[in-house]
Amino acid sequence: MRVTDHLKRNRLSWLALAGLFLLLSLVIYLPLIELFAESLKENGRWSFINFQRFFDFNNPAYLRALWGSIAISVLTVIGSAIVGVPLAILFSRFQFPGRKVFGVLVTLPVLLPPLVGVLAFYFLMGETGIIPRVLQKTLGLQSAPLVMRGVPAILLVHIYSFYVFFYLFARNALAGLDRSLEEAASGLGASRSMLWRKVIFPQLQPALLGAGMLVFMNSMASFTAPYMFGGAWRFLSLEIYNAKLNGDLALANTQAVILASFSLLFLLLMRWYGRDHPTARGSKGVALPPRRVTQAWQKVLLAGIGSVLIVLLLLPQLTLVLIAFVKNGTWTWQILPEQFTFENFVSVFTSRDAAEPWRNSLWMSALATVCGAVVAMLAAYFTARPRHGRAWSHLLDASVMLPWAVPGTVIAMALIILFDEPYWFTAGNILIGSAAILPLAYFIRHLPIQFRAIVAAFTQLDPALEEAAQNLGAHWWMRFRRVLLPLLLPGIITGGMMAFVIALGEFVSSILLYTYSNRPLSIAIFSELRLFNLGSAAAYSVLLTVLIGLIMWLSQKYGGDRDEGLSG
């Protein structure tokens, strides 16, 4: 009987694994393969004409766009590291008044979706921004100074949005360093600078590489900042949108393939460097406690730096709140708004047209998150418990993580190409233009986030717990419900909440896939901005930021409580 049950469970396991690979093939591999195939066609025939157009050195407009994307991404990585790593060192290695408060506030940019962050900087320092016009009037200048435009503006927005990756990764790595290594180096006569160069920074390298990959991928996929501040500079993500808007799908497909290729190439190079240049070492020591600052002038200096930093971080958010109360159409030539109203917020809850994007974003994000949790849970189970061989486990891991390395613009173009026709697996329906396409895009885009969170939870579990339940006679459903699920719940909640809040503000994929009937919140903000309804755009943005902050707080509170209960 036991042999029969084992064979039955093994068959079910193989069927589940096969079904999972089939699903990932249909929603990830097939769209990308179809996109690549279409980039090699012209009027239905196989041709390299679109690649020749792109790499035409006599007309290097598209090459400049590629170079612009790569250059801004590299500069963003460097700038984010310059800001994020010193902040992580400051708040991790030194104890001074206000340290904990500053350490929390320094992560504020995480709450702003990319579109909202760009909007805040536009109101603050754009062509008609508050700061340039205040300086112009105060100093009696003919033109406004410090206007954000071009590459410096994009770089500033990117660094503001992405330095948090370096801060969080470096802070966590510093918290896990072994004090015995530093004490041994100091005992051998190493100076402070040598200690950082030879001992501490080499141990931070894996974390910095991980942060660098995240920042580079996000920067390559950036759309809003180049759209708002790009000026004469060209960027590949924006070129894809323009080509699609102009009806040149063949060129848009080719540009999407090239953008994805360079993103994947950078990812592979970073992984190769991290694998062939390992520097982190496991240890059994404990981390050094923060060094207490005792001298008065040092306390004043650090408190002053922290205060200035917080003001700079809060200015975009505070500007957004101010503009949210401005009556639409009244802030034109004035330096500061003069007419304020609550109607921008009231309309969100009373006007059907204003409330519809909220409903759309909430249900589409929730649907994508729930589906992602189920698929990520199943994929994490087969990856963390490789019952059918490690080769299948590695292939599954790579398949689930592939969308993480592909920009959202490319994912959207791939879905446009594939689902513009009916298929058996879509029940004969065309998904482009339907209500299903945006949840599908969100599901694909954010599945890697949920998968990684659940895999991380799996790695902390002892397989002996599941084996003990099995030996006591618990069937697989009871083992999953009573043993695995409660222990994995913090990872499921963390990954789900992250995917949900990112999907709420998703713009890059939405701008290419939405229709008026399923327009999400990010498109509503963008549309209000284009209509110069600045108050409505800011009100949407403020409410979205508050909602994201509330969700993240609830996730941290209840997810953290579960962690503590389980560990106890």
# chains A, B, ... in the order shown; residues from 1 in each chain; ligands from 1
call {"tool": "residues_around", "arguments": {"residues": "range 239-247 of chain A", "least_positions_apart": "3", "cutoff": "9 Å", "atoms": "only C-alpha atoms", "output": "VMD selection string"}}
result
chain A and resid 62 65 223 234 to 236 250 to 256 409 to 410 413 511 to 512
call {"tool": "write_last_selection", "arguments": {"atoms": "C-alpha atoms", "output": "PDB file, in the first residue's frame"}}
result
ATOM      1  CA  TYR A  62      18.891  54.338 -32.621  1.00  0.00           C
ATOM      2  CA  ALA A  65      19.359  55.709 -27.943  1.00  0.00           C
ATOM      3  CA  PHE A 223      10.531  55.242 -19.062  1.00  0.00           C
ATOM      4  CA  ARG A 234      17.368  59.479 -26.782  1.00  0.00           C
ATOM      5  CA  PHE A 235      16.659  56.353 -24.738  1.00  0.00           C
ATOM      6  CA  LEU A 236      15.766  52.925 -25.991  1.00  0.00           C
ATOM      7  CA  ALA A 250       8.671  45.817 -36.687  1.00  0.00           C
ATOM      8  CA  LEU A 251      11.148  48.431 -35.460  1.00  0.00           C
ATOM      9  CA  ALA A 252       9.647  48.388 -31.941  1.00  0.00           C
ATOM     10  CA  ASN A 253      10.118  44.606 -31.796  1.00  0.00           C
ATOM     11  CA  THR A 254      13.743  44.903 -32.888  1.00  0.00           C
ATOM     12  CA  GLN A 255      14.459  47.612 -30.338  1.00  0.00           C
ATOM     13  CA  ALA A 256      12.821  45.515 -27.605  1.00  0.00           C
ATOM     14  CA  THR A 409       8.841  47.469 -22.041  1.00  0.00           C
ATOM     15  CA  VAL A 410      10.101  44.237 -23.611  1.00  0.00           C
ATOM     16  CA  MET A 413       5.909  44.200 -26.531  1.00  0.00           C
ATOM     17  CA  ILE A 511       1.487  52.484 -20.985  1.00  0.00           C
ATOM     18  CA  LEU A 512       1.825  49.979 -23.832  1.00  0.00           C
TER      19      LEU A 512
END
call {"tool": "select_by_dssp", "arguments": {"residues": "range 312-341 of chain A", "states": "alpha helix (DSSP H)", "output": "list of chain:residue names"}}
result
A:Leu312, A:Leu313, A:Leu314, A:Leu315, A:Pro316, A:Gln317, A:Leu318, A:Thr319, A:Leu320, A:Val321, A:Leu322, A:Ile323, A:Ala324
call {"tool": "write_last_selection", "arguments": {"atoms": "N, CA and C atoms", "output": "PDB file, in the first residue's frame"}}
result
ATOM      1  N   LEU A 312      15.968  67.223   2.314  1.00  0.00           N
ATOM      2  CA  LEU A 312      16.099  66.950   0.883  1.00  0.00           C
ATOM      3  C   LEU A 312      15.219  65.782   0.452  1.00  0.00           C
ATOM      4  N   LEU A 313      15.122  64.761   1.322  1.00  0.00           N
ATOM      5  CA  LEU A 313      14.309  63.604   0.994  1.00  0.00           C
ATOM      6  C   LEU A 313      12.818  63.912   1.048  1.00  0.00           C
ATOM      7  N   LEU A 314      12.437  64.795   1.980  1.00  0.00           N
ATOM      8  CA  LEU A 314      11.022  65.095   2.161  1.00  0.00           C
ATOM      9  C   LEU A 314      10.491  66.139   1.184  1.00  0.00           C
ATOM     10  N   LEU A 315      11.377  66.970   0.619  1.00  0.00           N
ATOM     11  CA  LEU A 315      10.922  68.046  -0.261  1.00  0.00           C
ATOM     12  C   LEU A 315      10.030  67.557  -1.408  1.00  0.00           C
ATOM     13  N   PRO A 316      10.424  66.506  -2.148  1.00  0.00           N
ATOM     14  CA  PRO A 316       9.536  66.049  -3.233  1.00  0.00           C
ATOM     15  C   PRO A 316       8.167  65.608  -2.727  1.00  0.00           C
ATOM     16  N   GLN A 317       8.144  64.850  -1.605  1.00  0.00           N
ATOM     17  CA  GLN A 317       6.850  64.400  -1.076  1.00  0.00           C
ATOM     18  C   GLN A 317       5.994  65.572  -0.606  1.00  0.00           C
ATOM     19  N   LEU A 318       6.627  66.534   0.089  1.00  0.00           N
ATOM     20  CA  LEU A 318       5.874  67.688   0.578  1.00  0.00           C
ATOM     21  C   LEU A 318       5.348  68.537  -0.578  1.00  0.00           C
ATOM     22  N   THR A 319       6.129  68.666  -1.626  1.00  0.00           N
ATOM     23  CA  THR A 319       5.671  69.393  -2.811  1.00  0.00           C
ATOM     24  C   THR A 319       4.462  68.713  -3.425  1.00  0.00           C
ATOM     25  N   LEU A 320       4.510  67.395  -3.480  1.00  0.00           N
ATOM     26  CA  LEU A 320       3.393  66.627  -4.030  1.00  0.00           C
ATOM     27  C   LEU A 320       2.123  66.860  -3.212  1.00  0.00           C
ATOM     28  N   VAL A 321       2.254  66.871  -1.899  1.00  0.00           N
ATOM     29  CA  VAL A 321       1.100  67.119  -1.028  1.00  0.00           C
ATOM     30  C   VAL A 321       0.551  68.528  -1.259  1.00  0.00           C
ATOM     31  N   LEU A 322       1.440  69.515  -1.385  1.00  0.00           N
ATOM     32  CA  LEU A 322       0.998  70.891  -1.619  1.00  0.00           C
ATOM     33  C   LEU A 322       0.202  70.997  -2.917  1.00  0.00           C
ATOM     34  N   ILE A 323       0.721  70.427  -4.000  1.00  0.00           N
ATOM     35  CA  ILE A 323       0.068  70.547  -5.302  1.00  0.00           C
ATOM     36  C   ILE A 323      -1.248  69.775  -5.319  1.00  0.00           C
ATOM     37  N   ALA A 324      -1.373  68.738  -4.476  1.00  0.00           N
ATOM     38  CA  ALA A 324      -2.601  67.943  -4.464  1.00  0.00           C
ATOM     39  C   ALA A 324      -3.809  68.775  -4.050  1.00  0.00           C
TER      40      ALA A 324
END
call {"tool": "closest_residue", "arguments": {"among": "A:Leu12, A:Ile258, A:Ile454, A:Val151", "to": "Trp233 in chain A", "atoms": "only C-alpha atoms"}}
result
A:Val151
call {"tool": "atom_distance", "arguments": {"atom1": "CA of Phe91 in chain A", "atom2": "CA of Phe121 in chain A"}}
result
26.1 Å
call {"tool": "closest_residue", "arguments": {"among": "A:Leu108, A:Ala441, A:Leu488, A:Ala260", "to": "Tyr167 in chain A", "atoms": "only C-alpha atoms"}}
result
A:Leu108
call {"tool": "closest_residue", "arguments": {"among": "A:Val110, A:Leu32, A:Leu22, A:Ile525", "to": "Leu396 in chain A", "atoms": "only C-alpha atoms"}}
result
A:Leu22
call {"tool": "residues_around", "arguments": {"residues": "Leu440 in chain A", "least_positions_apart": "2", "cutoff": "12 Å", "atoms": "only C-alpha atoms", "output": "PyMOL selection string"}}
result
chain A and resi 23-24+26-28+31+364-372+411-412+414-416+419+426+431-432+434-438+442-447+503+509-510+513-514
call {"tool": "residues_around", "arguments": {"residues": "Ile131 in chain A", "least_positions_apart": "3", "cutoff": "10 Å", "atoms": "only C-alpha atoms", "output": "count of residues only"}}
result
14
call {"tool": "residues_around", "arguments": {"residues": "Asn533 in chain A", "least_positions_apart": "5", "cutoff": "9 Å", "atoms": "only C-alpha atoms", "output": "PyMOL selection string"}}
result
chain A and resi 327-329+527-528+538
call {"tool": "write_last_selection", "arguments": {"atoms": "C-alpha atoms", "output": "PDB file, in the first residue's frame"}}
result
ATOM      1  CA  LYS A 327      -7.398  73.778  -7.957  1.00  0.00           C
ATOM      2  CA  ASN A 328      -6.918  72.504 -11.502  1.00  0.00           C
ATOM      3  CA  GLY A 329      -6.013  75.206 -14.001  1.00  0.00           C
ATOM      4  CA  SER A 527      -3.377  61.433 -18.322  1.00  0.00           C
ATOM      5  CA  GLU A 528      -4.158  64.134 -15.759  1.00  0.00           C
ATOM      6  CA  ALA A 538      -0.852  65.070  -7.446  1.00  0.00           C
TER       7      ALA A 538
END
